[in-house]
>>> print(open('run.tsv').read())   # TSV, C-alpha atoms
chain	number	residue	atom	x	y	z
A	1	MET	CA	50.44	76.51	-110.84
A	2	GLY	CA	46.98	77.31	-112.18
A	3	VAL	CA	46.72	74.01	-114.08
A	4	VAL	CA	47.91	72.01	-111.06
A	5	ALA	CA	45.41	73.75	-108.76
A	6	LEU	CA	42.63	73.18	-111.29
A	7	ALA	CA	43.47	69.47	-111.46
A	8	ALA	CA	43.38	69.23	-107.65
A	9	PHE	CA	40.06	71.10	-107.57
A	10	LEU	CA	38.48	68.83	-110.17
A	11	GLY	CA	39.79	65.73	-108.39
A	12	VAL	CA	38.18	66.70	-105.09
A	13	THR	CA	34.97	67.78	-106.85
A	14	LEU	CA	34.55	64.56	-108.80
A	15	GLY	CA	35.54	62.40	-105.85
A	16	VAL	CA	32.98	64.01	-103.53
A	17	ALA	CA	30.30	63.95	-106.24
A	18	ALA	CA	30.92	60.25	-106.94
A	19	LEU	CA	30.69	59.47	-103.22
A	20	VAL	CA	27.44	61.42	-102.79
A	21	ILE	CA	25.79	59.76	-105.81
A	22	SER	CA	26.96	56.29	-104.77
A	23	LEU	CA	25.60	56.72	-101.24
A	24	ALA	CA	22.34	58.14	-102.63
A	25	LEU	CA	21.99	55.08	-104.87
A	26	LEU	CA	22.59	52.71	-101.96
A	27	ALA	CA	20.28	54.70	-99.67
A	28	GLY	CA	17.52	54.56	-102.30
A	29	PHE	CA	17.67	50.78	-102.57
A	30	GLN	CA	18.03	50.28	-98.82
A	31	THR	CA	15.11	52.61	-98.08
A	32	HIS	CA	12.95	50.56	-100.44
A	33	ILE	CA	14.08	47.31	-98.83
A	34	ARG	CA	13.38	48.67	-95.34
A	35	SER	CA	9.94	49.97	-96.35
A	36	ARG	CA	9.00	46.56	-97.75
A	37	LEU	CA	10.45	44.85	-94.71
A	38	LEU	CA	8.43	47.06	-92.34
A	39	ALA	CA	5.26	46.50	-94.37
A	40	GLU	CA	5.64	42.71	-94.41
A	41	THR	CA	7.22	42.08	-91.02
A	42	PRO	CA	5.49	42.76	-87.67
A	43	HIS	CA	7.30	45.43	-85.70
A	44	LEU	CA	6.93	43.26	-82.58
A	45	THR	CA	6.26	39.53	-82.33
A	46	VAL	CA	5.03	38.19	-79.00
A	47	THR	CA	5.33	34.44	-78.44
A	48	PRO	CA	4.84	32.19	-75.39
A	49	ALA	CA	7.94	31.12	-73.48
A	50	GLY	CA	7.74	27.83	-71.60
A	51	ARG	CA	4.26	26.92	-72.85
A	52	ASP	CA	2.56	26.01	-76.12
A	53	ALA	CA	-0.01	28.76	-76.66
A	54	PHE	CA	-1.87	31.77	-75.29
A	55	THR	CA	-5.50	31.50	-74.25
A	56	PRO	CA	-8.15	34.25	-74.22
A	57	ALA	CA	-7.93	34.29	-70.42
A	58	ASP	CA	-4.35	35.64	-70.66
A	59	GLY	CA	-5.64	38.95	-72.05
A	60	ILE	CA	-2.49	39.41	-74.13
A	61	GLU	CA	-4.18	41.27	-76.97
A	62	ALA	CA	-5.84	43.83	-74.66
A	63	LYS	CA	-2.62	44.46	-72.75
A	64	LEU	CA	-0.65	45.02	-75.94
A	65	ALA	CA	-3.29	47.34	-77.38
A	66	LYS	CA	-2.92	49.65	-74.36
A	67	LEU	CA	0.79	50.25	-74.96
A	68	PRO	CA	1.69	53.70	-76.35
A	69	GLY	CA	2.39	53.82	-80.07
A	70	VAL	CA	0.61	50.55	-80.89
A	71	VAL	CA	-1.47	50.70	-84.09
A	72	SER	CA	-2.73	47.10	-84.33
A	73	VAL	CA	-2.47	43.76	-82.56
A	74	SER	CA	-3.31	40.52	-84.37
A	75	PRO	CA	-3.35	36.93	-83.06
A	76	VAL	CA	-1.60	34.33	-85.21
A	77	ALA	CA	-1.25	30.56	-85.22
A	78	ARG	CA	2.07	29.24	-86.56
A	79	GLY	CA	3.19	25.72	-87.24
A	80	ARG	CA	4.27	23.19	-89.83
A	81	LEU	CA	2.03	21.09	-92.01
A	82	TRP	CA	1.87	19.15	-95.26
A	83	VAL	CA	0.25	20.53	-98.39
A	84	SER	CA	-1.10	18.05	-100.93
A	85	LEU	CA	-2.09	19.30	-104.36
A	86	SER	CA	-2.42	17.63	-107.78
A	87	GLY	CA	-0.82	14.44	-106.52
A	88	ARG	CA	2.20	16.26	-105.06
A	89	THR	CA	2.93	16.75	-101.36
A	90	ALA	CA	5.43	19.07	-99.66
A	91	PRO	CA	6.04	20.26	-96.09
A	92	VAL	CA	5.56	23.99	-95.48
A	93	LYS	CA	5.72	26.45	-92.63
A	94	ALA	CA	2.35	28.16	-92.26
A	95	VAL	CA	0.73	30.96	-90.30
A	96	GLY	CA	-2.96	31.57	-89.72
A	97	ARG	CA	-4.12	35.19	-89.83
A	98	ALA	CA	-7.51	36.78	-89.39
A	99	GLY	CA	-8.91	38.04	-92.68
A	100	ALA	CA	-7.31	35.40	-94.91
A	101	LYS	CA	-9.87	33.87	-97.28
A	102	GLY	CA	-7.89	30.91	-98.57
A	103	LEU	CA	-4.40	29.49	-98.89
A	104	VAL	CA	-1.69	31.94	-99.95
A	105	LEU	CA	1.53	30.22	-100.96
A	106	ASP	CA	4.99	31.70	-101.28
A	107	LEU	CA	6.44	31.28	-104.76
A	108	THR	CA	9.19	29.00	-103.44
A	109	GLN	CA	6.53	26.82	-101.79
A	110	ALA	CA	4.24	26.75	-104.81
A	111	ARG	CA	6.90	25.82	-107.35
A	112	PRO	CA	7.53	22.18	-106.21
A	113	LEU	CA	3.77	21.66	-105.89
A	114	GLY	CA	2.97	23.16	-109.28
A	115	ALA	CA	0.28	25.20	-107.52
A	116	ILE	CA	-1.77	27.87	-109.27
A	117	ALA	CA	-4.56	30.06	-107.93
A	118	GLY	CA	-7.97	28.38	-107.76
A	119	GLU	CA	-6.80	24.79	-107.23
A	120	GLU	CA	-8.05	22.85	-104.22
A	121	ALA	CA	-5.34	21.96	-101.70
A	122	THR	CA	-5.42	19.60	-98.74
A	123	LEU	CA	-3.56	20.67	-95.62
A	124	VAL	CA	-2.53	17.93	-93.20
A	125	SER	CA	-1.20	18.70	-89.73
A	126	SER	CA	1.29	16.66	-87.74
A	127	ARG	CA	-1.24	16.84	-84.89
A	128	THR	CA	-3.82	14.10	-84.54
A	129	ARG	CA	-7.39	13.78	-83.28
A	130	LEU	CA	-9.14	10.78	-81.81
A	131	SER	CA	-11.66	8.92	-83.93
A	132	PRO	CA	-13.45	5.57	-83.63
A	133	LEU	CA	-10.56	4.12	-85.63
A	134	GLY	CA	-7.91	5.68	-83.37
A	135	PRO	CA	-5.73	8.76	-83.85
A	136	VAL	CA	-5.99	10.30	-87.32
A	137	PRO	CA	-4.19	13.40	-88.72
A	138	ILE	CA	-6.09	16.67	-88.76
A	139	ALA	CA	-6.79	17.69	-92.35
A	140	VAL	CA	-8.46	20.72	-93.94
A	141	SER	CA	-9.23	21.42	-97.61
A	142	MET	CA	-9.27	24.94	-99.07
A	143	PRO	CA	-8.59	26.65	-102.41
A	144	VAL	CA	-5.28	28.30	-103.28
A	145	GLN	CA	-6.15	31.98	-103.17
A	146	SER	CA	-2.90	33.28	-104.69
A	147	VAL	CA	0.82	32.68	-105.15
A	148	GLU	CA	2.92	35.59	-103.90
A	149	PRO	CA	6.56	36.54	-104.52
A	150	PRO	CA	9.03	35.85	-101.71
A	151	ALA	CA	8.81	38.26	-98.79
A	152	THR	CA	11.70	40.59	-97.99
A	153	GLY	CA	14.07	39.45	-95.29
A	154	ARG	CA	12.16	36.37	-94.26
A	155	ARG	CA	14.51	33.50	-93.54
A	156	GLU	CA	11.91	30.83	-94.32
A	157	PRO	CA	8.81	31.28	-96.50
A	158	GLU	CA	5.41	31.03	-94.82
A	159	ALA	CA	2.08	30.02	-96.28
A	160	ILE	CA	-0.91	32.05	-95.06
A	161	LEU	CA	-4.29	30.51	-94.25
A	162	PRO	CA	-7.42	31.55	-92.32
A	163	LEU	CA	-6.89	31.81	-88.56
A	164	ASP	CA	-9.74	29.44	-87.63
A	165	ALA	CA	-8.40	26.74	-89.97
A	166	ALA	CA	-4.90	27.18	-88.53
A	167	ARG	CA	-6.24	26.83	-84.98
A	168	ARG	CA	-7.86	23.55	-85.95
A	169	LEU	CA	-4.76	22.24	-87.73
A	170	PHE	CA	-2.41	23.18	-84.88
A	171	ALA	CA	-4.84	21.99	-82.17
A	172	LEU	CA	-5.23	25.39	-80.51
A	173	PRO	CA	-8.26	26.19	-78.33
A	174	ALA	CA	-11.01	28.50	-79.53
A	175	GLY	CA	-9.69	32.06	-79.40
A	176	GLY	CA	-6.17	30.78	-78.71
A	177	ALA	CA	-2.95	31.79	-80.46
A	178	ASN	CA	0.70	30.90	-80.30
A	179	GLY	CA	1.75	34.45	-81.13
A	180	TYR	CA	0.69	38.06	-81.57
A	181	GLU	CA	1.89	40.46	-84.26
A	182	VAL	CA	2.11	44.11	-83.29
A	183	PHE	CA	2.49	47.08	-85.64
A	184	LEU	CA	3.68	50.42	-84.26
A	185	ARG	CA	3.14	54.00	-85.32
A	186	ASP	CA	6.92	54.49	-85.41
A	187	PRO	CA	8.94	51.32	-86.14
A	188	ARG	CA	12.10	53.07	-84.92
A	189	GLU	CA	10.68	52.81	-81.39
A	190	ALA	CA	10.45	49.01	-81.59
A	191	ALA	CA	13.18	48.41	-79.00
A	192	ALA	CA	11.51	50.70	-76.43
A	193	ALA	CA	8.10	49.19	-77.18
A	194	ALA	CA	9.53	45.69	-76.70
A	195	ARG	CA	10.76	46.62	-73.22
A	196	GLN	CA	7.35	48.08	-72.35
A	197	ALA	CA	5.58	44.96	-73.64
A	198	SER	CA	7.85	42.65	-71.64
A	199	ALA	CA	7.17	44.68	-68.48
A	200	ALA	CA	3.40	44.71	-69.09
A	201	LEU	CA	3.07	41.00	-69.92
A	202	GLY	CA	5.44	39.64	-67.28
A	203	ALA	CA	7.21	36.28	-67.33
A	204	GLY	CA	6.39	33.49	-69.76
A	205	VAL	CA	6.44	35.81	-72.80
A	206	ALA	CA	9.14	36.48	-75.42
A	207	VAL	CA	9.09	39.74	-77.40
A	208	THR	CA	11.07	40.04	-80.66
A	209	THR	CA	11.51	43.26	-82.63
A	210	TRP	CA	11.53	43.43	-86.42
A	211	GLU	CA	15.26	44.14	-86.33
A	212	GLY	CA	15.87	41.10	-84.16
A	213	ALA	CA	13.82	38.88	-86.46
A	214	ASN	CA	15.83	40.12	-89.47
A	215	ARG	CA	19.15	40.61	-87.72
A	216	SER	CA	21.29	39.24	-90.54
A	217	LEU	CA	19.65	41.44	-93.18
A	218	VAL	CA	19.82	44.60	-91.04
A	219	LEU	CA	23.50	43.93	-90.29
A	220	ALA	CA	24.21	43.30	-93.98
A	221	LEU	CA	22.61	46.61	-94.94
A	222	LYS	CA	24.70	48.51	-92.40
A	223	LEU	CA	27.90	46.72	-93.43
A	224	GLU	CA	27.18	47.34	-97.11
A	225	ARG	CA	26.83	51.07	-96.52
A	226	ALA	CA	30.03	51.27	-94.47
A	227	VAL	CA	32.06	49.29	-97.05
A	228	LEU	CA	30.78	51.39	-99.95
A	229	PHE	CA	31.55	54.62	-98.08
A	230	ALA	CA	35.11	53.49	-97.33
A	231	THR	CA	35.71	52.22	-100.87
A	232	VAL	CA	34.46	55.27	-102.75
A	233	PHE	CA	36.12	57.63	-100.26
A	234	LEU	CA	39.44	56.34	-101.63
A	235	ILE	CA	38.78	58.62	-104.62
A	236	VAL	CA	38.65	61.60	-102.26
A	237	ILE	CA	41.87	60.42	-100.58
A	238	VAL	CA	43.67	60.26	-103.94
A	239	ALA	CA	42.37	63.73	-104.77
A	240	GLY	CA	43.64	64.92	-101.38
A	241	LEU	CA	47.12	63.61	-102.21
A	242	ASN	CA	46.97	65.61	-105.42
A	243	LEU	CA	46.03	68.59	-103.27
A	244	ALA	CA	49.10	67.94	-101.11
A	245	ALA	CA	51.25	68.02	-104.23
A	246	THR	CA	49.60	71.29	-105.23
A	247	SER	CA	50.37	72.77	-101.81
A	248	ALA	CA	53.98	71.59	-102.07
A	249	VAL	CA	54.34	73.28	-105.46
A	250	LEU	CA	52.81	76.44	-104.02
A	251	ALA	CA	55.24	76.37	-101.08
A	252	ALA	CA	58.22	75.93	-103.44
A	253	THR	CA	57.24	78.68	-105.88
A	254	ARG	CA	56.26	81.14	-103.16
A	255	ALA	CA	59.22	80.56	-100.86
A	256	GLY	CA	60.46	84.10	-101.53
A	257	ASP	CA	57.13	85.59	-100.47
A	258	ALA	CA	57.30	83.55	-97.26
A	259	ALA	CA	60.81	84.86	-96.57
A	260	ILE	CA	59.69	88.47	-97.11
A	261	LEU	CA	56.80	87.91	-94.67
A	262	ALA	CA	59.28	86.57	-92.14
A	263	VAL	CA	61.53	89.60	-92.61
A	264	LEU	CA	58.55	91.86	-92.02
A	265	GLY	CA	57.97	90.16	-88.67
A	266	ALA	CA	55.60	87.30	-89.42
A	267	GLY	CA	56.29	84.24	-87.29
A	268	PRO	CA	56.46	80.64	-88.59
A	269	GLY	CA	52.92	80.03	-87.40
A	270	THR	CA	51.58	82.95	-89.41
A	271	VAL	CA	53.44	81.87	-92.55
A	272	ALA	CA	52.17	78.31	-92.11
A	273	ARG	CA	48.60	79.53	-91.76
A	274	VAL	CA	48.88	81.57	-94.96
A	275	PHE	CA	50.03	78.55	-97.00
A	276	LEU	CA	47.51	76.29	-95.23
A	277	ALA	CA	44.66	78.65	-96.12
A	278	ALA	CA	45.80	78.79	-99.75
A	279	GLY	CA	46.02	75.01	-100.06
A	280	ALA	CA	42.90	74.24	-98.08
A	281	ALA	CA	40.87	76.74	-100.12
A	282	VAL	CA	41.16	74.43	-103.12
A	283	GLY	CA	39.85	71.55	-101.00
A	284	VAL	CA	37.01	73.61	-99.53
A	285	LEU	CA	35.87	74.85	-102.96
A	286	GLY	CA	36.18	71.36	-104.44
A	287	THR	CA	34.21	69.81	-101.58
A	288	ALA	CA	31.42	72.39	-101.89
A	289	ALA	CA	31.25	71.98	-105.66
A	290	GLY	CA	31.29	68.18	-105.38
A	291	ALA	CA	28.54	68.14	-102.75
A	292	LEU	CA	26.35	70.40	-104.89
A	293	LEU	CA	27.08	68.44	-108.07
A	294	GLY	CA	26.47	65.07	-106.42
A	295	THR	CA	23.25	66.16	-104.73
A	296	ALA	CA	21.88	67.76	-107.88
A	297	GLY	CA	22.84	64.70	-109.94
A	298	ALA	CA	21.22	62.23	-107.53
A	299	LEU	CA	18.02	64.26	-107.28
A	300	ALA	CA	17.85	64.65	-111.06
A	301	LEU	CA	18.41	60.93	-111.68
A	302	ASP	CA	15.63	60.05	-109.22
A	303	ALA	CA	13.17	62.69	-110.45
A	304	THR	CA	13.60	61.81	-114.12
A	305	LYS	CA	13.68	58.03	-113.47
A	306	ALA	CA	16.72	57.97	-115.72
A	307	ILE	CA	17.70	54.34	-115.05
A	308	PRO	CA	14.72	52.00	-115.65
A	309	LEU	CA	14.41	48.52	-114.18
A	310	PRO	CA	12.26	45.58	-115.38
A	311	ALA	CA	9.26	45.78	-113.07
A	312	HIS	CA	8.41	42.09	-113.52
A	313	LEU	CA	11.77	41.12	-112.01
A	314	TYR	CA	12.09	43.86	-109.39
A	315	SER	CA	9.50	45.64	-107.29
A	316	LEU	CA	10.82	48.92	-108.70
A	317	ALA	CA	10.33	50.50	-112.11
A	318	HIS	CA	13.52	52.57	-111.89
A	319	VAL	CA	16.71	52.87	-109.84
A	320	PRO	CA	15.94	55.02	-106.78
A	321	PHE	CA	18.26	57.70	-105.40
A	322	ARG	CA	17.88	59.20	-101.94
A	323	VAL	CA	20.20	61.87	-100.53
A	324	GLU	CA	20.30	61.68	-96.74
A	325	ALA	CA	21.38	64.79	-94.86
A	326	GLY	CA	23.45	62.92	-92.29
A	327	GLU	CA	25.52	61.12	-94.91
A	328	LEU	CA	25.97	64.29	-96.95
A	329	LEU	CA	27.28	66.14	-93.90
A	330	ALA	CA	29.62	63.23	-93.10
A	331	VAL	CA	31.04	63.30	-96.64
A	332	VAL	CA	31.57	67.07	-96.51
A	333	ALA	CA	33.15	66.95	-93.04
A	334	LEU	CA	35.57	64.12	-93.89
A	335	SER	CA	36.52	65.71	-97.20
A	336	LEU	CA	37.24	69.05	-95.51
A	337	LEU	CA	39.30	67.39	-92.79
A	338	TRP	CA	41.33	65.43	-95.33
A	339	SER	CA	41.86	68.55	-97.47
A	340	VAL	CA	43.17	70.50	-94.48
A	341	ALA	CA	45.38	67.57	-93.43
A	342	ALA	CA	46.78	67.23	-96.96
A	343	ALA	CA	47.68	70.94	-97.09
A	344	ALA	CA	49.09	71.07	-93.53
A	345	LEU	CA	52.43	69.31	-94.09
A	346	PRO	CA	53.58	71.42	-97.08
A	347	ALA	CA	52.52	74.56	-95.18
A	348	ARG	CA	54.60	73.63	-92.14
A	349	THR	CA	57.57	72.77	-94.35
A	350	ALA	CA	57.39	76.17	-96.07
A	351	ALA	CA	57.21	78.00	-92.73
A	352	ARG	CA	60.31	76.24	-91.38
A	353	ARG	CA	62.68	77.01	-94.27
A	354	PRO	CA	65.57	79.29	-93.16
A	355	VAL	CA	64.93	82.86	-94.30
A	356	ALA	CA	68.59	83.60	-95.14
A	357	GLU	CA	68.86	80.51	-97.34
A	358	VAL	CA	65.71	81.45	-99.24
A	359	LEU	CA	66.83	85.07	-99.78
A	360	ARG	CA	70.24	83.97	-101.09
A	361	ALA	CA	68.53	81.73	-103.62
A	362	LEU	CA	66.45	84.62	-105.00
>>> encode(input="run.tsv", output="structure tokens")
Amino acid sequence: MGVVALAAFLGVTLGVAALVISLALLAGFQTHIRSRLLAETPHLTVTPAGRDAFTPADGIEAKLAKLPGVVSVSPVARGRLWVSLSGRTAPVKAVGRAGAKGLVLDLTQARPLGAIAGEEATLVSSRTRLSPLGPVPIAVSMPVQSVEPPATGRREPEAILPLDAARRLFALPAGGANGYEVFLRDPREAAAAARQASAALGAGVAVTTWEGANRSLVLALKLERAVLFATVFLIVIVAGLNLAATSAVLAATRAGDAAILAVLGAGPGTVARVFLAAGAAVGVLGTAAGALLGTAGALALDATKAIPLPAHLYSLAHVPFRVEAGELLAVVALSLLWSVAAAALPARTAARRPVAEVLRAL
């Protein structure tokens, strides 16, 4: 019986530890992805609805800045244009931002152009201006400031250029913008801030949160965590079945003790609770040991940077681990519930065996 109980204990311990470490690994990567996403993506994006652009008379920036929790508000000018460089031309999606000194290309945009930092690029808009010779495309020349790696979660890469140049290329009025990017003190409050912004700005304005702009990525992260939890929890389920077998062996070998308890006046419920406590104790101890082992292992792997990554390929130098209290409690709770459930059936079976039959077999 001791060897069987030890095997059940080790099964629950290793199953819980594997689940905790796996979830910590996933949480570490997802936390890094979310932090990059929040750093690169505006928490709120305000765009005109039913018109082309905002004008300074709309006072959008001042109204947004007054909202609680707003850290910064920046006007942007978005559109599509052609980039010509070294005899090659390609269409790109671009955004003008204040503070940009030159053209910043996404790596996927720079590759077909063969662009490198320092080269002079010509940007041609689909908009036209009148000249003595008739309508001509609006064109601006500027150096390539840098080529950046692809941004996290963005569905389509965007080139970045100075805001004044973008206004000229996209034929926006002085001080105009076709969007505003808002960063919040707490990105988790983006949904509430979006409702406040919509109420403050009124009709003719669309407000998109960072989660809405990256809906597919956010959904994929949530689905990935749920699938991993369910998959690895199968180890705990198998260990729980081993615990059920242990409880059944205990009920068979201690049937005489159960009969003596019944003779002394213990009811079936009392006998069942005794066997349930004995079987569930193995699950409780295994769950506690597994939670401690998994947490300690994940923290040690993260602190020692035990699994390195090539920094030139990833934005991380090592595999991150992050133990989240909510997930740890969920693992412990589900493991305890399954342990009790696995021990319950053998306990009920032992309590219902006829006392006379058991005593005759002794």
>>> residues_around(input="run.tsv", residues="stretch 190-197 of chain A", least_positions_apart="4", cutoff="12 Å", atoms="only C-alpha atoms", output="ChimeraX atom specification")
/A:38,42-47,60-71,180-186,201-203,205-213
>>> residues_around(input="run.tsv", residues="stretch 162-178 of chain A", least_positions_apart="4", cutoff="9 Å", atoms="only C-alpha atoms", output="VMD selection string")
chain A and resid 46 to 48 52 to 56 75 to 81 94 to 103 123 to 129 137 to 140
>>> atom_distance(input="run.tsv", atom1="atom CA of A:Val282", atom2="atom CA of A:Val16")
13.3 Å
>>> atom_distance(input="run.tsv", atom1="atom CA of A:Leu19", atom2="atom CA of A:Ala341")
19.4 Å
>>> residues_around(input="run.tsv", residues="stretch 217-232 of chain A", least_positions_apart="6", cutoff="9 Å", atoms="only C-alpha atoms", output="JSON, numbers by chain")
{"A": [15, 16, 18, 19, 22, 23, 26, 27, 30, 34, 153, 211, 331]}
>>> atom_distance(input="run.tsv", atom1="atom CA of A:Lys93", atom2="atom CA of A:Leu37")
19.1 Å
>>> residues_around(input="run.tsv", residues="A:Phe321", least_positions_apart="4", cutoff="9 Å", atoms="all atoms listed in the file", output="list in words")
Ile21, Ser22, Leu23, Ala24, Leu25, Leu26, Ala27, Gly28, Phe29, Ala298, Leu299, Ala300, Leu301, Asp302 and Ala303 of chain A
>>> closest_residue(input="run.tsv", among="A:Val236, A:Ala199, A:Val83, A:Ile116", to="A:Leu161", atoms="all atoms listed in the file")
A:Val83
>>> closest_residue(input="run.tsv", among="A:Ala115, A:Val12, A:Ala5, A:Ile33", to="A:Gly279", atoms="only C-alpha atoms")
A:Ala5
>>> residues_around(input="run.tsv", residues="A:Ala7", least_positions_apart="4", cutoff="8 Å", atoms="only C-alpha atoms", output="list in words")
Val3, Gly11 and Asn242 of chain A
>>> closest_residue(input="run.tsv", among="A:Ala281, A:Arg88, A:Leu316, A:Val73", to="A:Leu6", atoms="only C-alpha atoms")
A:Ala281
>>> closest_residue(input="run.tsv", among="A:Ala200, A:Ala296, A:Ala159, A:Ala121", to="A:Val104", atoms="all atoms listed in the file")
A:Ala159
>>> closest_residue(input="run.tsv", among="A:Ala343, A:Asn214, A:Gly87, A:Thr287", to="A:Ala330", atoms="only C-alpha atoms")
A:Thr287
